[in-house]
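File shown here: input39.cif, holding mmCIF, C-alpha atoms.
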```
data_my_file
loop_
_atom_site.group_PDB
_atom_site.id
_atom_site.type_symbol
_atom_site.label_atom_id
_atom_site.label_comp_id
_atom_site.auth_asym_id
_atom_site.auth_seq_id
_atom_site.Cartn_x
_atom_site.Cartn_y
_atom_site.Cartn_z
ATOM 1 C CA MET A 1 3.196 5.850 -28.450
ATOM 2 C CA SER A 2 0.322 3.383 -28.674
ATOM 3 C CA MET A 3 -0.056 -0.143 -27.392
ATOM 4 C CA GLN A 4 1.254 -2.981 -29.472
ATOM 5 C CA THR A 5 -2.062 -4.838 -29.162
ATOM 6 C CA PRO A 6 -5.599 -3.409 -28.950
ATOM 7 C CA VAL A 7 -7.173 -3.040 -25.501
ATOM 8 C CA GLU A 8 -9.210 -6.114 -24.548
ATOM 9 C CA ILE A 9 -12.370 -5.469 -22.522
ATOM 10 C CA ASP A 10 -14.491 -8.392 -21.321
ATOM 11 C CA PHE A 11 -17.800 -8.271 -19.465
ATOM 12 C CA HIS A 12 -19.152 -11.084 -17.295
ATOM 13 C CA GLY A 13 -22.635 -10.717 -15.826
ATOM 14 C CA VAL A 14 -22.681 -7.036 -16.773
ATOM 15 C CA ASP A 15 -24.484 -5.252 -19.575
ATOM 16 C CA ALA A 16 -21.722 -3.993 -21.890
ATOM 17 C CA SER A 17 -23.204 -0.499 -22.084
ATOM 18 C CA PRO A 18 -21.481 1.882 -24.481
ATOM 19 C CA TRP A 19 -20.878 4.408 -21.667
ATOM 20 C CA VAL A 20 -19.165 1.740 -19.504
ATOM 21 C CA ARG A 21 -16.932 0.676 -22.407
ATOM 22 C CA GLU A 22 -16.153 4.341 -23.158
ATOM 23 C CA MET A 23 -15.296 4.997 -19.497
ATOM 24 C CA LEU A 24 -12.925 2.002 -19.446
ATOM 25 C CA GLU A 25 -11.247 3.062 -22.692
ATOM 26 C CA GLU A 26 -10.783 6.584 -21.282
ATOM 27 C CA ARG A 27 -9.113 5.224 -18.136
ATOM 28 C CA VAL A 28 -6.774 3.031 -20.205
ATOM 29 C CA SER A 29 -5.925 6.010 -22.452
ATOM 30 C CA GLU A 30 -5.112 8.104 -19.375
ATOM 31 C CA LEU A 31 -2.692 5.432 -18.172
ATOM 32 C CA GLU A 32 -1.106 5.204 -21.613
ATOM 33 C CA ARG A 33 -0.757 8.986 -21.935
ATOM 34 C CA ARG A 34 0.772 9.205 -18.498
ATOM 35 C CA PHE A 35 3.190 6.273 -18.752
ATOM 36 C CA GLY A 36 3.442 5.571 -22.484
ATOM 37 C CA ARG A 37 5.166 2.230 -21.986
ATOM 38 C CA ILE A 38 2.156 -0.080 -21.880
ATOM 39 C CA THR A 39 2.362 -2.789 -24.527
ATOM 40 C CA SER A 40 -1.035 -4.402 -23.863
ATOM 41 C CA CYS A 41 -4.026 -4.084 -21.570
ATOM 42 C CA ARG A 42 -6.849 -6.440 -20.602
ATOM 43 C CA VAL A 43 -9.807 -5.301 -18.495
ATOM 44 C CA VAL A 44 -12.423 -7.689 -17.097
ATOM 45 C CA VAL A 45 -15.603 -6.379 -15.475
ATOM 46 C CA THR A 46 -17.645 -8.907 -13.529
ATOM 47 C CA GLY A 47 -21.114 -8.089 -12.284
ATOM 48 C CA PRO A 48 -22.683 -8.871 -8.940
ATOM 49 C CA GLY A 49 -23.683 -12.355 -10.098
ATOM 50 C CA GLN A 50 -26.754 -13.925 -11.628
ATOM 51 C CA ARG A 51 -28.831 -14.169 -8.430
ATOM 52 C CA HIS A 52 -27.772 -10.857 -6.949
ATOM 53 C CA ARG A 53 -28.019 -8.447 -9.861
ATOM 54 C CA SER A 54 -28.759 -5.471 -7.633
ATOM 55 C CA GLY A 55 -26.761 -4.289 -4.676
ATOM 56 C CA GLY A 56 -23.790 -6.613 -5.071
ATOM 57 C CA PRO A 57 -20.207 -5.561 -5.748
ATOM 58 C CA TYR A 58 -18.657 -5.184 -9.174
ATOM 59 C CA ASP A 59 -15.221 -6.650 -9.717
ATOM 60 C CA VAL A 60 -12.933 -4.786 -12.119
ATOM 61 C CA ARG A 61 -9.601 -6.373 -13.003
ATOM 62 C CA VAL A 62 -6.829 -4.712 -14.982
ATOM 63 C CA HIS A 63 -3.782 -6.498 -16.387
ATOM 64 C CA LEU A 64 -1.101 -4.390 -18.049
ATOM 65 C CA SER A 65 1.953 -5.666 -19.914
ATOM 66 C CA LEU A 66 5.045 -3.480 -19.957
ATOM 67 C CA PRO A 67 8.370 -3.660 -21.816
ATOM 68 C CA ASN A 68 10.906 -6.334 -20.846
ATOM 69 C CA GLY A 69 8.202 -8.768 -19.715
ATOM 70 C CA LYS A 70 7.107 -6.661 -16.733
ATOM 71 C CA GLU A 71 3.448 -6.716 -15.721
ATOM 72 C CA VAL A 72 1.062 -4.829 -13.475
ATOM 73 C CA ALA A 73 -2.139 -6.502 -12.316
ATOM 74 C CA VAL A 74 -4.904 -5.104 -10.151
ATOM 75 C CA HIS A 75 -7.429 -7.731 -9.286
ATOM 76 C CA ARG A 76 -8.249 -7.978 -5.597
ATOM 77 C CA VAL A 77 -10.859 -5.713 -4.097
ATOM 78 C CA ASP A 78 -12.562 -5.531 -0.723
ATOM 79 C CA HIS A 79 -16.025 -6.820 -1.470
ATOM 80 C CA GLY A 80 -17.131 -5.718 1.985
ATOM 81 C CA ASP A 81 -16.937 -2.151 0.673
ATOM 82 C CA GLU A 82 -20.457 -1.185 -0.389
ATOM 83 C CA ARG A 83 -19.121 1.477 -2.749
ATOM 84 C CA TYR A 84 -18.200 -1.312 -5.190
ATOM 85 C CA GLY A 85 -21.948 -1.699 -5.787
ATOM 86 C CA ASP A 86 -21.575 1.359 -8.051
ATOM 87 C CA ILE A 87 -19.825 0.391 -11.289
ATOM 88 C CA ARG A 88 -18.399 3.910 -11.713
ATOM 89 C CA TYR A 89 -16.743 3.729 -8.303
ATOM 90 C CA ALA A 90 -15.410 0.208 -8.964
ATOM 91 C CA ILE A 91 -13.853 1.323 -12.259
ATOM 92 C CA ASN A 92 -12.369 4.547 -10.876
ATOM 93 C CA ASP A 93 -10.931 2.899 -7.768
ATOM 94 C CA THR A 94 -9.396 0.012 -9.707
ATOM 95 C CA PHE A 95 -7.738 2.351 -12.206
ATOM 96 C CA LYS A 96 -6.495 4.581 -9.381
ATOM 97 C CA ARG A 97 -4.762 1.532 -7.879
ATOM 98 C CA ALA A 98 -3.432 0.565 -11.328
ATOM 99 C CA ARG A 99 -1.989 4.067 -11.723
ATOM 100 C CA ARG A 100 -0.174 3.804 -8.362
ATOM 101 C CA ARG A 101 1.264 0.401 -9.272
ATOM 102 C CA LEU A 102 2.336 1.713 -12.672
ATOM 103 C CA GLN A 103 4.091 4.635 -10.986
ATOM 104 C CA ASP A 104 5.975 2.190 -8.766
ATOM 105 C CA GLN A 105 6.900 0.020 -11.740
ATOM 106 C CA ALA A 106 7.988 3.071 -13.783
ATOM 107 C CA ARG A 107 10.318 4.118 -10.945
ATOM 108 C CA ARG A 108 11.822 0.631 -10.887
ATOM 109 C CA LEU A 109 12.340 0.679 -14.651
ATOM 110 C CA GLN A 110 14.057 4.069 -14.366
ATOM 111 C CA GLY A 111 16.226 2.921 -11.474
ATOM 112 C CA GLN A 112 14.608 5.261 -8.981
ATOM 113 C CA VAL A 113 13.895 2.532 -6.478
ATOM 114 C CA LYS A 114 13.783 3.836 -2.952
ATOM 115 C CA ARG A 115 16.694 2.496 -0.959
ATOM 116 C CA HIS A 116 15.836 0.910 2.363
ATOM 117 C CA VAL A 117 17.333 2.858 5.208
ATOM 118 C CA GLY A 118 17.947 1.055 8.487
ATOM 119 C CA GLU A 119 15.777 1.768 11.480
ATOM 120 C CA PRO A 120 16.864 4.722 13.591
ATOM 121 C CA ALA A 121 18.728 3.979 16.809
ATOM 122 C CA GLY A 122 18.432 5.701 20.159
ATOM 123 C CA THR A 123 18.913 5.304 23.885
ATOM 124 C CA VAL A 124 16.226 4.550 26.457
ATOM 125 C CA ALA A 125 16.048 7.861 28.356
ATOM 126 C CA ARG A 126 13.548 6.946 31.051
ATOM 127 C CA LEU A 127 10.856 4.426 31.873
ATOM 128 C CA ASP A 128 7.609 4.595 33.795
ATOM 129 C CA PRO A 129 6.933 0.948 34.723
ATOM 130 C CA SER A 130 3.669 1.776 36.510
ATOM 131 C CA GLY A 131 2.324 3.593 33.441
ATOM 132 C CA GLY A 132 3.846 1.107 30.997
ATOM 133 C CA PHE A 133 5.657 3.630 28.814
ATOM 134 C CA GLY A 134 9.018 5.252 28.275
ATOM 135 C CA PHE A 135 11.022 7.657 26.143
ATOM 136 C CA ILE A 136 13.894 7.152 23.698
ATOM 137 C CA THR A 137 16.481 9.859 23.071
ATOM 138 C CA THR A 138 17.272 9.991 19.349
ATOM 139 C CA ALA A 139 20.644 10.753 17.737
ATOM 140 C CA ASP A 140 19.487 14.333 17.092
ATOM 141 C CA GLY A 141 18.471 14.854 20.746
ATOM 142 C CA ARG A 142 14.705 14.504 20.417
ATOM 143 C CA GLU A 143 12.628 12.346 22.755
ATOM 144 C CA VAL A 144 10.278 9.765 21.281
ATOM 145 C CA TYR A 145 7.516 8.197 23.367
ATOM 146 C CA PHE A 146 6.920 4.429 23.342
ATOM 147 C CA HIS A 147 4.361 2.175 24.990
ATOM 148 C CA ARG A 148 5.162 -1.187 26.563
ATOM 149 C CA ASN A 149 3.238 -2.902 23.728
ATOM 150 C CA SER A 150 5.728 -1.429 21.230
ATOM 151 C CA VAL A 151 8.639 -3.367 22.729
ATOM 152 C CA LEU A 152 9.262 -6.612 20.852
ATOM 153 C CA ASN A 153 8.934 -9.981 22.612
ATOM 154 C CA ASP A 154 7.108 -8.491 25.635
ATOM 155 C CA ALA A 155 10.487 -7.251 26.901
ATOM 156 C CA PHE A 156 9.401 -3.918 28.413
ATOM 157 C CA GLU A 157 10.151 -5.125 31.975
ATOM 158 C CA ARG A 158 13.766 -5.930 31.003
ATOM 159 C CA LEU A 159 14.576 -2.528 29.451
ATOM 160 C CA LYS A 160 16.922 -0.222 31.371
ATOM 161 C CA PRO A 161 17.676 3.503 31.016
ATOM 162 C CA GLY A 162 20.796 3.982 28.878
ATOM 163 C CA GLN A 163 20.126 0.853 26.834
ATOM 164 C CA ARG A 164 20.537 1.218 23.038
ATOM 165 C CA VAL A 165 17.518 0.334 20.910
ATOM 166 C CA THR A 166 16.339 0.550 17.322
ATOM 167 C CA PHE A 167 12.812 1.751 16.678
ATOM 168 C CA ALA A 168 10.294 2.612 13.988
ATOM 169 C CA GLU A 169 9.042 6.164 14.407
ATOM 170 C CA GLU A 170 5.567 7.357 13.509
ATOM 171 C CA THR A 171 3.384 10.338 14.335
ATOM 172 C CA GLY A 172 1.020 9.721 17.224
ATOM 173 C CA GLU A 173 -1.787 11.838 18.659
ATOM 174 C CA LYS A 174 0.652 13.804 20.847
ATOM 175 C CA GLY A 175 3.732 13.810 18.620
ATOM 176 C CA PRO A 176 6.443 11.325 17.631
ATOM 177 C CA GLN A 177 6.162 7.801 18.987
ATOM 178 C CA ALA A 178 7.917 4.493 18.444
ATOM 179 C CA SER A 179 5.730 1.742 17.020
ATOM 180 C CA THR A 180 8.428 -0.951 17.359
ATOM 181 C CA VAL A 181 11.268 -0.952 19.883
ATOM 182 C CA LYS A 182 14.059 -3.526 19.659
ATOM 183 C CA PRO A 183 17.099 -3.711 21.976
ATOM 184 C CA MET A 184 20.536 -3.656 20.279
ATOM 185 C CA GLY A 185 23.879 -5.371 20.822
ATOM 186 C CA LYS A 186 24.929 -8.370 22.863
ATOM 187 C CA HIS A 187 22.534 -7.394 25.623
ATOM 188 C CA GLY A 188 19.617 -7.436 23.179
ATOM 189 C CA LEU A 189 16.546 -9.208 24.437
ATOM 190 C CA ARG A 190 15.404 -12.416 22.894
#
```
What is this file in structure tokens?
Amino acid sequence: MSMQTPVEIDFHGVDASPWVREMLEERVSELERRFGRITSCRVVVTGPGQRHRSGGPYDVRVHLSLPNGKEVAVHRVDHGDERYGDIRYAINDTFKRARRRLQDQARRLQGQVKRHVGEPAGTVARLDPSGGFGFITTADGREVYFHRNSVLNDAFERLKPGQRVTFAEETGEKGPQASTVKPMGKHGLR
């Protein structure tokens, strides 16, 4: 399957070298081979600017049109990242981000959207007020560490052992830890 309209490639403040154009066309072809549902593509490459031709960042923008009016656009980059001073890096990184966004959009089109699952709930097992931390017992019997700064609304001092909480679990340096702890029920803290 090929695009309904030819790929548009525009250069601003950049020499439109054949190898750069070929590299861009290859990246677009890879996206099309992988997803096959792209109806049009526009790529804009902007150079470091007239006064700063060397050492400045390149800006590569990709706009893809998909069936049913859906679109994917990659256009914001971190210009503090010195690697964008290399046009190859700027192109590869932008198309890598475009590929991830296309994957997300393809899942949505196929109805494979990830369902949001509520935060896990647990019970405050014990607290160490002097150390400013505590542990939550999860539904499956594990203990999850949390720091006072993880408790919403600066409510660490008001937590009590046995109190039900919801939390967001992540992997810390020493194992599972709660990055957000929120009291539950009518005794929830405000």
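Residue selection for this entry, given the PyMOL selection byres ((chain A and resi 135) around 7), comprises Val124, Ala125, Arg126, Leu127, Gly134, Ile136, Thr137, Glu143, Val144, Tyr145 and Phe146 of chain A.
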Exercise for the section: Take the PyMOL selection byres ((chain A and resi 150-158) around 8), apply it to the structure above, and return the hits as a list of chain:residue names. Expected result: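 On the file shown, the PyMOL selection byres ((chain A and resi 150-158) around 8) covers A:Pro129, A:Gly132, A:Phe146, A:His147, A:Arg148, A:Asn149, A:Leu159, A:Lys160, A:Ala178, A:Ser179, A:Thr180, A:Val181, A:Lys182, A:Leu189, A:Arg190.
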Practice task
Figure out the distance between atom CA of A:His75 and atom CA of A:His63, please, to one decimal in Å.
Solution key: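 Interatomic distance, atom CA of A:His63 to atom CA of A:His75: 8.1 Å.
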Practice task
Measure the distance from atom CA of A:Thr39 to atom CA of A:Val20 in Å and round it to one decimal.
Solution key: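 A separation of 22.6 Å between them.
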Problem - Best match for closeness to A:Pro120 among A:Ile9, A:Val45, A:Val165, A:Ala98, counting all atoms listed in the file - result: A:Val165
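With distances taken over all atoms listed in the file, A:Thr94 is the one residue among A:Gln103, A:Thr123, A:Thr94, A:Thr171 lying closest to A:Val43.
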Completion exercise
Counting all atoms listed in the file, closest pick from A:Thr138, A:Gln105, A:Ser17, A:Ser130 relative to A:Glu169 is A:Thr138
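When only C-alpha atoms are used to measure the gap to A:Ala73, the shortest distance among A:Ser40, A:Asn92, A:Gln163, A:Thr5 belongs to A:Ser40.
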Practice task
Using only C-alpha atoms, determine which residues lie at most 6 Å from A:Gly47, disregarding the query and same-chain residues fewer than 6 positions distant; provide the list as a list in words.
Solution key: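 The neighbour list is Gly13, Val14 and Tyr58 of chain A.
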Expected file contents, prior selection, C-alpha atoms, as a CSV table (one decimal), keeping the file's coordinate frame:
```
chain,number,residue,atom,x,y,z
A,13,GLY,CA,-22.6,-10.7,-15.8
A,14,VAL,CA,-22.7,-7.0,-16.8
A,58,TYR,CA,-18.7,-5.2,-9.2
```
Practice task
Could you tell me which residues the PyMOL selection byres ((chain A and resi 31) around 12) returns for this structure, as a ChimeraX atom specification?
Solution key: /A:1-3,24-30,32-41,62,64,66,72,95-103,106
Could you write out that same residue set with C-alpha atoms as a compact mmCIF listing (two decimals), in the coordinates of the input?
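Okay, result-v7.txt is ready:
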```txt
# COMPACT_ATOMS: atom_id res chain seq x y z
CA MET A 1 3.20 5.85 -28.45
CA SER A 2 0.32 3.38 -28.67
CA MET A 3 -0.06 -0.14 -27.39
CA LEU A 24 -12.92 2.00 -19.45
CA GLU A 25 -11.25 3.06 -22.69
CA GLU A 26 -10.78 6.58 -21.28
CA ARG A 27 -9.11 5.22 -18.14
CA VAL A 28 -6.77 3.03 -20.20
CA SER A 29 -5.92 6.01 -22.45
CA GLU A 30 -5.11 8.10 -19.38
CA GLU A 32 -1.11 5.20 -21.61
CA ARG A 33 -0.76 8.99 -21.94
CA ARG A 34 0.77 9.20 -18.50
CA PHE A 35 3.19 6.27 -18.75
CA GLY A 36 3.44 5.57 -22.48
CA ARG A 37 5.17 2.23 -21.99
CA ILE A 38 2.16 -0.08 -21.88
CA THR A 39 2.36 -2.79 -24.53
CA SER A 40 -1.03 -4.40 -23.86
CA CYS A 41 -4.03 -4.08 -21.57
CA VAL A 62 -6.83 -4.71 -14.98
CA LEU A 64 -1.10 -4.39 -18.05
CA LEU A 66 5.04 -3.48 -19.96
CA VAL A 72 1.06 -4.83 -13.48
CA PHE A 95 -7.74 2.35 -12.21
CA LYS A 96 -6.50 4.58 -9.38
CA ARG A 97 -4.76 1.53 -7.88
CA ALA A 98 -3.43 0.56 -11.33
CA ARG A 99 -1.99 4.07 -11.72
CA ARG A 100 -0.17 3.80 -8.36
CA ARG A 101 1.26 0.40 -9.27
CA LEU A 102 2.34 1.71 -12.67
CA GLN A 103 4.09 4.64 -10.99
CA ALA A 106 7.99 3.07 -13.78
```
